[in-house]
Structures are given as structure tokens and as C-alpha cells.
Amino acid sequence: MNLSNITLGQYFPGDSAVHRLDPRYKIVLTLLYIVTLFLAGGVFSYLVCAAILLVVIFLSRISLRMVAKSVAPIGVLILITAVLNIFYTPGENILWQWWVLKITTEGILSAIRMIARIIMLVAGSSILTYTTSPIQLTDAIESLLSPLRVIRVPVHEISMMMSIALRFIPTLIEEADKIMSAQKARGADFESGNVFRRVKAMIPLLVPLFISAFRRADELALAMECRCYNGGKGRTRLHKLKAAPKDHVIFFTVLLLFAAISVAGRFGY
Amino acid sequence: MDTILRCEHAAFHYPDTDGAVLHDLSLSIERGSFTAVLGHNGSGKSTLAKLFNAILLPDSGKVYVDGMDTSDEAHLFDIRRRIGMVFQNPDNQIVSSVVEEDVAFAAENLGVPPDEIRRRVDDALATVGMTEFVRHAPHLLSGGQKQRIAIAGVIAMEPDCIVLDEPTAMLDPAGRRDVMQTLHRLRNELGITVVLITHHMDEALQADRVVVISDGRIVLDGAPGDVFTHCDTLASYSLSAPETVLLLSALQDAGLDVPLTAMTPEACADAIAAALSE
């Protein structure tokens, strides 16, 4: 097992129109796209959703292969969803029947719809993480959640924790890799035996990793204090999120488009 | 003498432990100087560093930064801004996953306007020679590069003094050399006072002043040329003089007339050649 090829929060730096869009709008539009997918009804609205996705992928200059890669891990989920939909959708038009299992036209249609929905949902959200750096994402979340400060939600602290967690993922993966090599050199076996044995073999890996994570947290807190960190109060930012007029125009145009699709979808188009 | 840091009879012990780490320690650091604090493990040198920017407060005695008492809460941020701290493990002091964001962290905390932060980040990265890495991810850099990023993050506060607690302990020789060069540049070009806590003799040799600490007390204090000639005294505090001095001292004992003050390998070779040609 090689831990170094685990990638989390993959971001492909670039300077496309999609990369440049204000990350707050990107998050909101991604969420709205997911909602639209669930309101879409007929073939027409699905095709428009797919067309929007393709246009965005094209604009972002992310290769289709990369997007396909993001969908691949949920292949099993898609398969199960498809099978369940095929067999459990009630319908009149029976094509094939054996014992309690029967396949209907409605079932096949609903399975196709569900598969399309899931693929577009995952591909759409992967475009968000592919084109937005983790820092921009956490900043955008902090900004979007900032109204919650009124009810005393520690928004700044949450976003600081998220960005520090993202910062330390590669460091901790590297360390886990090192500990594993050290344990293997002493004869530890991480790869054979049943699930329980393998989980048990992870304990000598996790204990030192946890201890070290706490030590790191302690030192990092000290270093942050030394650099005058005092919570979010009075803090300025190097890159302040600032939506350009163009961002507003794009946002409202796409918003109208989504609204139109949803309405069309409700009427069965 | 214009002092920036002053310890007056400072004593310190960690809670729930027996025995003091620092005993009645008095020390003044001159503005614009390069001081090395030398000591073996457990000598109290890291504790001393933490007294300098009010992370720890002395049990008795006082520590003054630019005339401000570190025990006065009102001055806390002013003190921390003036006295930058760099620690041993570069991984555990980098906050952000982008180099420029990390360098900007301290300036952001101080509420500096964005344009000014931009200028400071660019200047700081130029000073440590890391300009080309501005948008890199820190975890992909080498140890020496990470430590220079950590130094840049401190200089972005525009401190008067920078205290480094064994900054090269985890680095390879090339990384150590780069960090030491950076420290000289800070002192010579920006006039920042440098206090380097170390146990590497060759690094201490590059300072103007060496303070040797053992068991929480200052045992030797002076220019490297004076301090390192006390080979036996250093050995009694589990420290060894630089190899050049050890060699010269052995030659002296064997009856050769060489001075002990030739610290660099080149000066040492010249001194031996001169003594032999007589």
C-alpha cells in the first residue's frame, strides 16, 4: 500500500473563466445545479443540464478524462442504484418477468434518469474542487456562513480549522508512510489476514500518528501565537474575496437558466 | 549601548516539576547584534527563548523588550510583533497550504491593509530568496526552504529582533547553510537583531557574541574568539570547542607556538603553516 498517491481536495491550478469566478458564486451555483438536477423531469431538461456541464468542463480546460476519473469511484453505487430502479419501479409495461422480479419500461427509464443524475451531480461538484483552491474554498465558506455569526457560530474558527486540516493532510500522510515503513522494517504485516487482523495491525500505526498529531498541534498553536494570532477580530486578508461585476452577471444568468430548467422539468419536458 | 532585550535576574521553573530551569539569569542583547546562545540539551536555552517574547513569564526577575515589561498584558502584541520567533520543526509552524498565504499570516493578524501585506510578502520572500516559490505548496519544499518560508513569515511582521530556537537542527547541510546566509542578510541588510539558539559550534562561530548557558546559568559570554579558547571549560559543560581550536590546542600542548584564536579552517591552516615555517 502506498499512501503517497492518495489525493484529497484535488485542485488543478489554472486561469480559465471557471477558475476566476468568485468561489462563493461557484459554491452556490454548484448547490443550485444539484437542486436543478433533482427538479429536472423530461429528456429536454436533462439534455440542457448535460449541455451546461459540458460547456463548463470545456471552459475550465479540465480534461474530460479527469472528470470521468472523479465519477469512477462511485461506479458500484451507480450500479446498485440502477439495479434497484430497474426492478423496484412499479409499472404497467412489463418487458420481462421471472418469479418476483420484473422489468418494466418505466423501471428502465427511471434507472437511466437516476444514473444520469448521479453522474452529472458528481461531475459537477468535482468541477468545483478541480477549479477552486482549498484556500479559496474555505474563504468562500467563511464568507457564505458569516451571517451565522449573529447567532454566535464561530465562523472564522471553523474556517481556520478547515484550512489547517487541509494544510496538514499531506504532512500526516507522509508521516503515516514513514511510520509504516518503520513498522514493516520491524516485521509488521499490514497486508495479510482477514479484515479484523488488518485493522488490528493498524493500531501500531495509528497510536504514534495520533501522538505526533497532538504534538504538532501544540507546536503550531505556539507558532501561531508568536505570529500574533488572536482569532478573527481585526484580521485583514492578503486576498480578499471580491466579486467583480462580471461575476454578478454570470451568476444571475446561470441562476435564471437553472430556474427555467426547473420549471420546464416540473412540466415534464 | 542600545539594548533591545534585557533579562534581569530572571528565574523560571516549569509547573509540576522540581528544580529551576533558569537561575537568576541576567542578559542584555544589543540592538543590531548577532548573538548565539549555546548550550547542551536541557541547559535552559529554549526556555530562555520563550521568555523573550512573553510565551513564558519569569517566576521572579523581569524581562524587558525595548523597555516594555513582558509581564504587562497590554504590551503583549507589541512585544510579539517586535520579537519574531522561529522554531525547530519547520512543518509545525507553517499555517497555510500556499507559501504566500503563510508568509502573509502574521501581517493579516496585525490588521495590515491588503496592499501593504502584498508588498511585505514580496519583500520578505525576496529577502529569504524564495520569490519563485510564491504560489507553491509548502509540503513540497525541502526542510531548508520551509525554514526560510517560516523566517519570511516572521519578517513580514517587520520585527526589530528575531529569535531562532535551533532552526537548523532538522536540516541537511545545504539547508543549514542557506538558513545561516539568510540570517546574516537579515542582520546586515535589514538591521534586524538576531538571537540564534543552537548547539552547532560552527554556527555560533559566525556570531559577534556567544553566550554559553549551562543548568540555567550563563557560564561564558564574549566574542567567539574569547569563548572558544576555553576548551576545558566548554568540555566541562558537555560542549566541545570547534575542531580547529581543539587541533590548535593539542598542537600548543605538544609545544608548537600557535594562537588559539584562528577559528576558521583557512585561518587555522595559515596559523599552523606560519608556526611550522619559523
# chains A, B, ... in the order shown; residues from 1 in each chain; ligands from 1

call {"tool": "select_by_dssp", "arguments": {"residues": "range 95-210 of chain B", "states": "strand (DSSP E)", "output": "list in words"}}
result
Cys161, Ile162, Val163, Leu164, Asp165, Thr193, Val194, Val195, Leu196, Ile197, Thr198, Arg209 and Val210 of chain B

call {"tool": "write_last_selection", "arguments": {"atoms": "N, CA and C atoms", "output": "PDB file, in the first residue's frame"}}
result
ATOM      1  N   CYS B 161      13.709  42.261  16.081  1.00  0.00           N
ATOM      2  CA  CYS B 161      14.611  41.213  16.511  1.00  0.00           C
ATOM      3  C   CYS B 161      13.996  39.874  16.153  1.00  0.00           C
ATOM      4  N   ILE B 162      14.824  38.902  15.794  1.00  0.00           N
ATOM      5  CA  ILE B 162      14.299  37.581  15.510  1.00  0.00           C
ATOM      6  C   ILE B 162      15.057  36.565  16.365  1.00  0.00           C
ATOM      7  N   VAL B 163      14.298  35.751  17.092  1.00  0.00           N
ATOM      8  CA  VAL B 163      14.882  34.745  17.974  1.00  0.00           C
ATOM      9  C   VAL B 163      14.636  33.387  17.333  1.00  0.00           C
ATOM     10  N   LEU B 164      15.685  32.619  17.114  1.00  0.00           N
ATOM     11  CA  LEU B 164      15.533  31.326  16.439  1.00  0.00           C
ATOM     12  C   LEU B 164      15.955  30.215  17.382  1.00  0.00           C
ATOM     13  N   ASP B 165      15.027  29.284  17.626  1.00  0.00           N
ATOM     14  CA  ASP B 165      15.307  28.187  18.554  1.00  0.00           C
ATOM     15  C   ASP B 165      15.740  26.955  17.758  1.00  0.00           C
ATOM     16  N   THR B 193      18.075  42.497  14.717  1.00  0.00           N
ATOM     17  CA  THR B 193      18.870  41.820  15.739  1.00  0.00           C
ATOM     18  C   THR B 193      18.601  40.321  15.645  1.00  0.00           C
ATOM     19  N   VAL B 194      19.656  39.505  15.674  1.00  0.00           N
ATOM     20  CA  VAL B 194      19.456  38.065  15.576  1.00  0.00           C
ATOM     21  C   VAL B 194      19.929  37.391  16.860  1.00  0.00           C
ATOM     22  N   VAL B 195      19.049  36.568  17.453  1.00  0.00           N
ATOM     23  CA  VAL B 195      19.456  35.739  18.585  1.00  0.00           C
ATOM     24  C   VAL B 195      19.283  34.297  18.138  1.00  0.00           C
ATOM     25  N   LEU B 196      20.392  33.602  17.986  1.00  0.00           N
ATOM     26  CA  LEU B 196      20.358  32.246  17.448  1.00  0.00           C
ATOM     27  C   LEU B 196      20.669  31.258  18.564  1.00  0.00           C
ATOM     28  N   ILE B 197      19.678  30.421  18.849  1.00  0.00           N
ATOM     29  CA  ILE B 197      19.891  29.400  19.870  1.00  0.00           C
ATOM     30  C   ILE B 197      20.307  28.127  19.160  1.00  0.00           C
ATOM     31  N   THR B 198      21.421  27.547  19.541  1.00  0.00           N
ATOM     32  CA  THR B 198      21.965  26.455  18.747  1.00  0.00           C
ATOM     33  C   THR B 198      22.836  25.561  19.598  1.00  0.00           C
ATOM     34  N   ARG B 209      28.742  37.499  19.151  1.00  0.00           N
ATOM     35  CA  ARG B 209      28.852  37.264  20.581  1.00  0.00           C
ATOM     36  C   ARG B 209      28.311  35.877  20.872  1.00  0.00           C
ATOM     37  N   VAL B 210      28.952  35.163  21.768  1.00  0.00           N
ATOM     38  CA  VAL B 210      28.493  33.830  22.129  1.00  0.00           C
ATOM     39  C   VAL B 210      28.193  33.809  23.621  1.00  0.00           C
TER      40      VAL B 210
END

call {"tool": "interface_residues", "arguments": {"of": "chain A", "to": "chain B", "cutoff": "9 Å", "atoms": "only C-alpha atoms", "output": "PyMOL selection string"}}
result
chain A and resi 134-135+163-164+166-168+170-171+215-240

call {"tool": "closest_residue", "arguments": {"among": "A:Thr138, A:Arg113, A:Leu21, A:Lys102", "to": "Ala165 in chain A", "atoms": "only C-alpha atoms"}}
result
A:Thr138

call {"tool": "select_by_dssp", "arguments": {"residues": "range 98-232 of chain B", "states": "helix (DSSP H, G or I)", "output": "number ranges by chain"}}
result
B: 99-109, 114-127, 131-133, 138-140, 143-155, 173-190, 201-204, 224-227, 231-232

call {"tool": "closest_residue", "arguments": {"among": "B:Asp232, B:Ser26, B:Glu166, B:Ala269", "to": "Ala49 in chain B", "atoms": "only C-alpha atoms"}}
result
B:Glu166

call {"tool": "residues_around", "arguments": {"residues": "Thr81 in chain A", "least_positions_apart": "5", "cutoff": "12 Å", "atoms": "only C-alpha atoms", "output": "list in words"}}
result
Ile74, Gly75, Val76, Ile86, Phe87, Tyr88, Thr89, Gly107, Ile108, Ser110, Ala111, Ile112, Arg113, Met114, Ile115, Ala116, Arg117, Ile118 and Ile119 of chain A

call {"tool": "residues_around", "arguments": {"residues": "Leu64 in chain A", "least_positions_apart": "6", "cutoff": "10 Å", "atoms": "only C-alpha atoms", "output": "PyMOL selection string"}}
result
chain A and resi 54+57-58+123

call {"tool": "closest_residue", "arguments": {"among": "A:Val56, A:Ile27, A:Leu205, A:Cys49", "to": "Lys178 in chain A", "atoms": "only C-alpha atoms"}}
result
A:Leu205

call {"tool": "closest_residue", "arguments": {"among": "B:Val65, B:Leu260, B:Ala20, B:Ile213", "to": "His230 in chain B", "atoms": "only C-alpha atoms"}}
result
B:Leu260

call {"tool": "atom_distance", "arguments": {"atom1": "CA of Gly216 in chain B", "atom2": "CA of Val179 in chain B"}}
result
27.1 Å

call {"tool": "closest_residue", "arguments": {"among": "A:Arg20, A:Arg65, A:Lys184, A:Arg266", "to": "Met202 in chain A", "atoms": "only C-alpha atoms"}}
result
A:Lys184

call {"tool": "residues_around", "arguments": {"residues": "Leu121 in chain A", "least_positions_apart": "2", "cutoff": "12 Å", "atoms": "only C-alpha atoms", "output": "count of residues only"}}
result
30

call {"tool": "atom_distance", "arguments": {"atom1": "CA of Phe210 in chain A", "atom2": "CA of Ala188 in chain A"}}
result
18.6 Å

call {"tool": "residues_around", "arguments": {"residues": "Gly175 in chain B", "least_positions_apart": "4", "cutoff": "9 Å", "atoms": "only C-alpha atoms", "output": "list in words"}}
result
Ser142, Gly143, Gly144, Gln145, Gln147, Thr168, Leu171, Val179 and Met180 of chain B

call {"tool": "residues_around", "arguments": {"residues": "Leu251 in chain B", "least_positions_apart": "3", "cutoff": "12 Å", "atoms": "only C-alpha atoms", "output": "ChimeraX atom specification"}}
result
/B:244-248,254-260,268,271-272,275-276

call {"tool": "atom_distance", "arguments": {"atom1": "CA of Phe34 in chain B", "atom2": "CA of Ala207 in chain B"}}
result
5.2 Å

call {"tool": "closest_residue", "arguments": {"among": "B:Gly129, B:Gly39, B:Gly225, B:Gly19", "to": "His200 in chain B", "atoms": "only C-alpha atoms"}}
result
B:Gly39

call {"tool": "decode", "arguments": {"residues": "range 114-212 of chain B", "atoms": "C-alpha atoms", "output": "short mmCIF file (atom, residue, chain, number, x, y, z; two decimals), in the first residue's frame"}}
result
data_model
loop_
_atom_site.label_atom_id
_atom_site.label_comp_id
_atom_site.auth_asym_id
_atom_site.auth_seq_id
_atom_site.Cartn_x
_atom_site.Cartn_y
_atom_site.Cartn_z
CA PRO B 114 -4.04 44.19 1.79
CA ASP B 115 -1.78 46.32 -0.47
CA GLU B 116 0.76 46.65 2.30
CA ILE B 117 0.57 42.89 3.03
CA ARG B 118 1.30 42.22 -0.66
CA ARG B 119 4.40 44.44 -0.51
CA ARG B 120 5.62 42.86 2.73
CA VAL B 121 5.12 39.32 1.44
CA ASP B 122 7.04 40.07 -1.76
CA ASP B 123 9.85 41.81 0.15
CA ALA B 124 10.10 39.04 2.74
CA LEU B 125 10.23 36.30 0.09
CA ALA B 126 12.91 38.25 -1.81
CA THR B 127 14.97 38.61 1.39
CA VAL B 128 14.97 34.86 2.05
CA GLY B 129 15.50 34.12 -1.66
CA MET B 130 12.22 32.25 -2.18
CA THR B 131 10.42 34.59 -4.60
CA GLU B 132 9.95 31.92 -7.26
CA PHE B 133 8.01 29.71 -4.79
CA VAL B 134 5.32 32.28 -4.06
CA ARG B 135 2.41 30.02 -5.10
CA HIS B 136 3.95 26.67 -4.13
CA ALA B 137 2.59 24.22 -1.61
CA PRO B 138 4.92 24.25 1.43
CA HIS B 139 4.85 20.47 1.91
CA LEU B 140 6.63 20.01 -1.42
CA LEU B 141 9.62 22.15 -0.36
CA SER B 142 12.82 20.92 1.30
CA GLY B 143 13.45 21.44 5.02
CA GLY B 144 15.78 24.39 4.43
CA GLN B 145 13.27 26.02 2.09
CA LYS B 146 10.44 25.52 4.60
CA GLN B 147 12.54 27.08 7.33
CA ARG B 148 13.23 30.09 5.08
CA ILE B 149 9.47 30.41 4.49
CA ALA B 150 8.98 30.38 8.26
CA ILE B 151 11.61 33.14 8.56
CA ALA B 152 9.86 35.13 5.80
CA GLY B 153 6.58 34.81 7.71
CA VAL B 154 8.27 36.38 10.71
CA ILE B 155 9.96 39.20 8.77
CA ALA B 156 6.57 40.14 7.30
CA MET B 157 5.72 41.41 10.81
CA GLU B 158 8.68 43.80 10.39
CA PRO B 159 10.21 42.81 13.74
CA ASP B 160 13.20 44.50 15.38
CA CYS B 161 14.61 41.21 16.51
CA ILE B 162 14.30 37.58 15.51
CA VAL B 163 14.88 34.74 17.97
CA LEU B 164 15.53 31.33 16.44
CA ASP B 165 15.31 28.19 18.55
CA GLU B 166 17.61 25.63 16.90
CA PRO B 167 16.31 26.43 13.41
CA THR B 168 18.81 24.16 11.68
CA ALA B 169 18.55 21.10 13.94
CA MET B 170 16.37 19.19 11.46
CA LEU B 171 18.06 20.36 8.25
CA ASP B 172 20.65 18.88 5.92
CA PRO B 173 23.99 20.73 5.45
CA ALA B 174 22.78 22.62 2.37
CA GLY B 175 19.62 23.74 4.18
CA ARG B 176 21.67 24.83 7.20
CA ARG B 177 23.98 26.90 5.02
CA ASP B 178 21.04 28.64 3.30
CA VAL B 179 19.38 29.45 6.62
CA MET B 180 22.62 30.84 8.08
CA GLN B 181 23.17 33.01 4.98
CA THR B 182 19.63 34.29 5.31
CA LEU B 183 20.25 35.23 8.95
CA HIS B 184 23.37 37.21 8.02
CA ARG B 185 21.38 39.01 5.33
CA LEU B 186 18.65 39.93 7.84
CA ARG B 187 21.22 41.43 10.17
CA ASN B 188 23.38 43.15 7.57
CA GLU B 189 20.72 44.43 5.16
CA LEU B 190 17.66 44.98 7.36
CA GLY B 191 19.45 45.66 10.64
CA ILE B 192 17.39 43.04 12.45
CA THR B 193 18.87 41.82 15.74
CA VAL B 194 19.46 38.06 15.58
CA VAL B 195 19.46 35.74 18.58
CA LEU B 196 20.36 32.25 17.45
CA ILE B 197 19.89 29.40 19.87
CA THR B 198 21.96 26.46 18.75
CA HIS B 199 24.23 23.63 19.70
CA HIS B 200 26.28 23.78 16.50
CA MET B 201 29.70 25.29 17.18
CA ASP B 202 30.28 26.31 13.57
CA GLU B 203 27.07 28.37 13.62
CA ALA B 204 27.97 30.02 16.91
CA LEU B 205 31.32 30.87 15.39
CA GLN B 206 29.59 33.16 12.87
CA ALA B 207 28.03 35.34 15.59
CA ASP B 208 29.50 38.52 17.10
CA ARG B 209 28.85 37.26 20.58
CA VAL B 210 28.49 33.83 22.13
CA VAL B 211 26.63 33.22 25.37
CA VAL B 212 27.11 29.75 26.84
#
